[in-house]
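The structure under discussion appears below in the form of structure tokens.
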Amino acid sequence: MSITHFLDLRAEFRDARRAAAAILPVPYDATSTWKKGADRGPAAILEASTQVELYDVESDTEPHLHGIVTLKPLTVDGPPEAMADAVQARVAGILRQDQLPVILGGEHSVTIGAVRAAAEAFPELSVLQIDAHADTRESYEGSPCNHACVMARARELCPIVQVGIRSLDASERPHLDEERVFWAHEIGDGDRWMERAVSLLGPQVYVTIDVVGFDPSLMPATGTPEPGGMSWQQVTGLLGAVAASRRVVGFDVVELLPQPGDHACDFLAAKLVHRFLAMIFAAR
Ligand SMILES: [Mn+2]
């Protein structure tokens, strides 16, 4: 099976031995609750990435010059626990090679293994989540590794910061550290919330971006779109502030549910990966 390389890079820029970043597609969708299809997300992002300009305007850089390798998709036929173990092993391998892991979901549960690997490699890790849902249920539909439990698992390992949140179960709220939750309805246009969010993060940061964090006017292509979400400027502004002042040790983009006939959302997700890589490399 031929694979689509992120940004359709020429061989010299996707040499595994020299790449600074490794893209790991994880087309997994077993526990999603409503609309299925997040398993088609990674392929859609890679396909759209072939149309993203290599030059990043805002940073005035070309992130692909650092080398970006696209790995073979990690496919797991099994429960989310098995998938989390498989992702953890693959991400640990990427980190051992001193590469920045970029995981393309798949449903949000793919983050669990990646955070475990990052927490093992980086003792001062924090996790920044951009999402609409708190994802802090202790267990859901019989599994502690369900997509609705991602941040409950992450907060067992390290400090977390949650941004864009606007949907959760009443039972989750008492267990949230509200100092570290940036509700969508309280995020303004200024930078103050952003500075406070970044200040709560430790020196090493793993970032998980559930595309439902964006407003559905911008990103309708996700399983449970929630109105009142974040803008492109808010999300990339926050990511830029994190990249500039913290060491980003890995990130993921999850829960894209590609819609036939709509390529804008696929492109947004691909561009988001490219922009974040540009900001991370520019800060090094
Ligand atoms: Mn989520």
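Chain labels A, B, ... are given in the sequence in which chains occur in the structure tokens; within each chain residues are numbered consecutively from 1, and ligands are likewise numbered from 1 in the order shown.
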
Item to check | Nearby polymer residues, ligand 1, at most 10 Å, only C-alpha atoms and all ligand atoms, as a PyMOL selection string | outcome: chain A and resi 107-109+111+129-136+147-151+165+208-213+224+254-255

Item to check | Surrounding residues of region 76-93 of chain A excluding itself and chain neighbours under 6 positions, 6 Å, only C-alpha atoms, as an NGL selection string | outcome: :A and (112-114 or 117 or 145)

Checklist entry - Between CA of Arg180 (chain A) and CA of Ala118 (chain A), what is the distance, to one decimal in Å? => result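 Distance between the two atoms: 20.2 Å.
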
Item to check | In region 5-238 of chain A, DSSP strand (DSSP E or B) residues written as a PyMOL selection string | outcome: chain A and resi 21-26+56+61+68-70+100-105+125-130+133+140+143+160-165+167+181-183+204-210+214+230

Checklist entry - Neighbours of region 3-16 of chain A within 7 Å (only C-alpha atoms; same-chain residues fewer than 3 positions away dropped), as a list in words? => result Ala19, Leu46, Glu47, Ser49, Thr50, Val52, His64, Leu65, Gly67, Ile68, Val69 and Thr70 of chain A

Pull all heavy atoms from the residues just selected and write them as a CSV table (one decimal), in the first residue's frame.
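selection.csv written:
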chain,number,residue,atom,x,y,z
A,19,ALA,N,14.8,13.4,10.2
A,19,ALA,CA,13.6,14.2,10.4
A,19,ALA,C,13.5,14.6,11.8
A,19,ALA,O,13.8,13.9,12.8
A,19,ALA,CB,12.4,13.3,10.0
A,46,LEU,N,-3.7,13.9,5.6
A,46,LEU,CA,-2.5,13.7,4.7
A,46,LEU,C,-2.8,14.1,3.3
A,46,LEU,O,-2.0,14.8,2.7
A,46,LEU,CB,-2.0,12.3,4.8
A,46,LEU,CG,-1.4,11.8,6.1
A,46,LEU,CD1,-1.1,10.3,6.1
A,46,LEU,CD2,-0.2,12.6,6.5
A,47,GLU,N,-4.0,13.7,2.8
A,47,GLU,CA,-4.3,14.1,1.4
A,47,GLU,C,-4.4,15.6,1.3
A,47,GLU,O,-3.9,16.2,0.3
A,47,GLU,CB,-5.7,13.5,1.1
A,47,GLU,CG,-6.3,13.8,-0.3
A,47,GLU,CD,-5.5,13.3,-1.4
A,47,GLU,OE1,-4.8,12.2,-1.2
A,47,GLU,OE2,-5.5,13.9,-2.5
A,49,SER,N,-2.9,17.8,3.1
A,49,SER,CA,-1.6,18.4,3.4
A,49,SER,C,-0.8,18.6,2.1
A,49,SER,O,0.1,19.4,2.0
A,49,SER,CB,-0.8,17.6,4.4
A,49,SER,OG,-0.2,16.5,3.8
A,50,THR,N,-1.1,17.8,1.1
A,50,THR,CA,-0.4,17.9,-0.2
A,50,THR,C,-0.7,19.2,-0.9
A,50,THR,O,0.1,19.6,-1.8
A,50,THR,CB,-0.7,16.7,-1.2
A,50,THR,OG1,-2.1,16.8,-1.6
A,50,THR,CG2,-0.5,15.4,-0.5
A,52,VAL,N,-1.0,22.1,1.0
A,52,VAL,CA,-0.6,23.2,1.9
A,52,VAL,C,0.7,23.8,1.4
A,52,VAL,O,1.7,23.0,1.1
A,52,VAL,CB,-0.4,22.7,3.4
A,52,VAL,CG1,0.2,23.7,4.3
A,52,VAL,CG2,-1.8,22.2,3.9
A,64,HIS,N,9.4,22.3,6.8
A,64,HIS,CA,9.8,21.0,6.2
A,64,HIS,C,11.3,20.9,6.1
A,64,HIS,O,11.8,19.8,6.0
A,64,HIS,CB,9.1,20.8,4.9
A,64,HIS,CG,9.7,21.6,3.8
A,64,HIS,ND1,9.4,22.9,3.6
A,64,HIS,CD2,10.6,21.3,2.8
A,64,HIS,CE1,10.1,23.4,2.6
A,64,HIS,NE2,10.8,22.5,2.1
A,65,LEU,N,12.0,22.0,6.2
A,65,LEU,CA,13.5,22.0,6.1
A,65,LEU,C,14.1,21.2,7.3
A,65,LEU,O,15.2,20.8,7.2
A,65,LEU,CB,14.1,23.4,6.0
A,65,LEU,CG,13.6,24.2,4.8
A,65,LEU,CD1,14.2,25.6,4.8
A,65,LEU,CD2,14.0,23.5,3.5
A,67,GLY,N,12.9,18.5,8.3
A,67,GLY,CA,12.6,17.1,8.1
A,67,GLY,C,11.3,16.6,8.8
A,67,GLY,O,11.2,16.8,10.0
A,68,ILE,N,10.4,16.1,8.0
A,68,ILE,CA,9.2,15.5,8.6
A,68,ILE,C,8.9,14.2,7.9
A,68,ILE,O,8.7,14.1,6.7
A,68,ILE,CB,8.0,16.5,8.3
A,68,ILE,CG1,8.3,17.9,8.8
A,68,ILE,CG2,6.7,15.9,8.9
A,68,ILE,CD1,7.3,19.0,8.4
A,69,VAL,N,9.0,13.1,8.7
A,69,VAL,CA,8.7,11.8,8.1
A,69,VAL,C,7.3,11.4,8.4
A,69,VAL,O,6.8,11.7,9.5
A,69,VAL,CB,9.8,10.8,8.7
A,69,VAL,CG1,9.7,10.6,10.2
A,69,VAL,CG2,9.6,9.4,8.0
A,70,THR,N,6.7,10.8,7.5
A,70,THR,CA,5.3,10.2,7.7
A,70,THR,C,5.4,8.7,7.9
A,70,THR,O,5.9,8.0,7.0
A,70,THR,CB,4.4,10.6,6.5
A,70,THR,OG1,4.4,12.0,6.3
A,70,THR,CG2,3.0,10.1,6.8

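What separates CA of Val249 (chain A) from CA of Ile187 (chain A) is a distance of 25.5 Å.
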
Checklist outcome for this item: Shortest contact to His66 (chain A), candidates A:Tyr206, A:Phe122, A:Phe251, A:Phe281, atoms counted only C-alpha atoms, goes to A:Phe281

Item to check | Residue nearest Arg247 (chain A) - candidates A:Glu124, A:Glu226, A:Glu141, A:Asp39, atoms counted: only C-alpha atoms | outcome: A:Glu124

Checklist entry - When distances are computed from only C-alpha atoms, which of A:Lys36, A:Arg96, A:Arg196, A:His263 shows the smallest separation from Val242 (chain A)? => result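 Smallest separation from Val242 (chain A) among the options: A:Arg196.
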
Checklist entry - How many Å separate CA of Gly202 (chain A) from CA of Arg116 (chain A)? => result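 Interatomic distance, CA of Gly202 (chain A) to CA of Arg116 (chain A): 16.3 Å.
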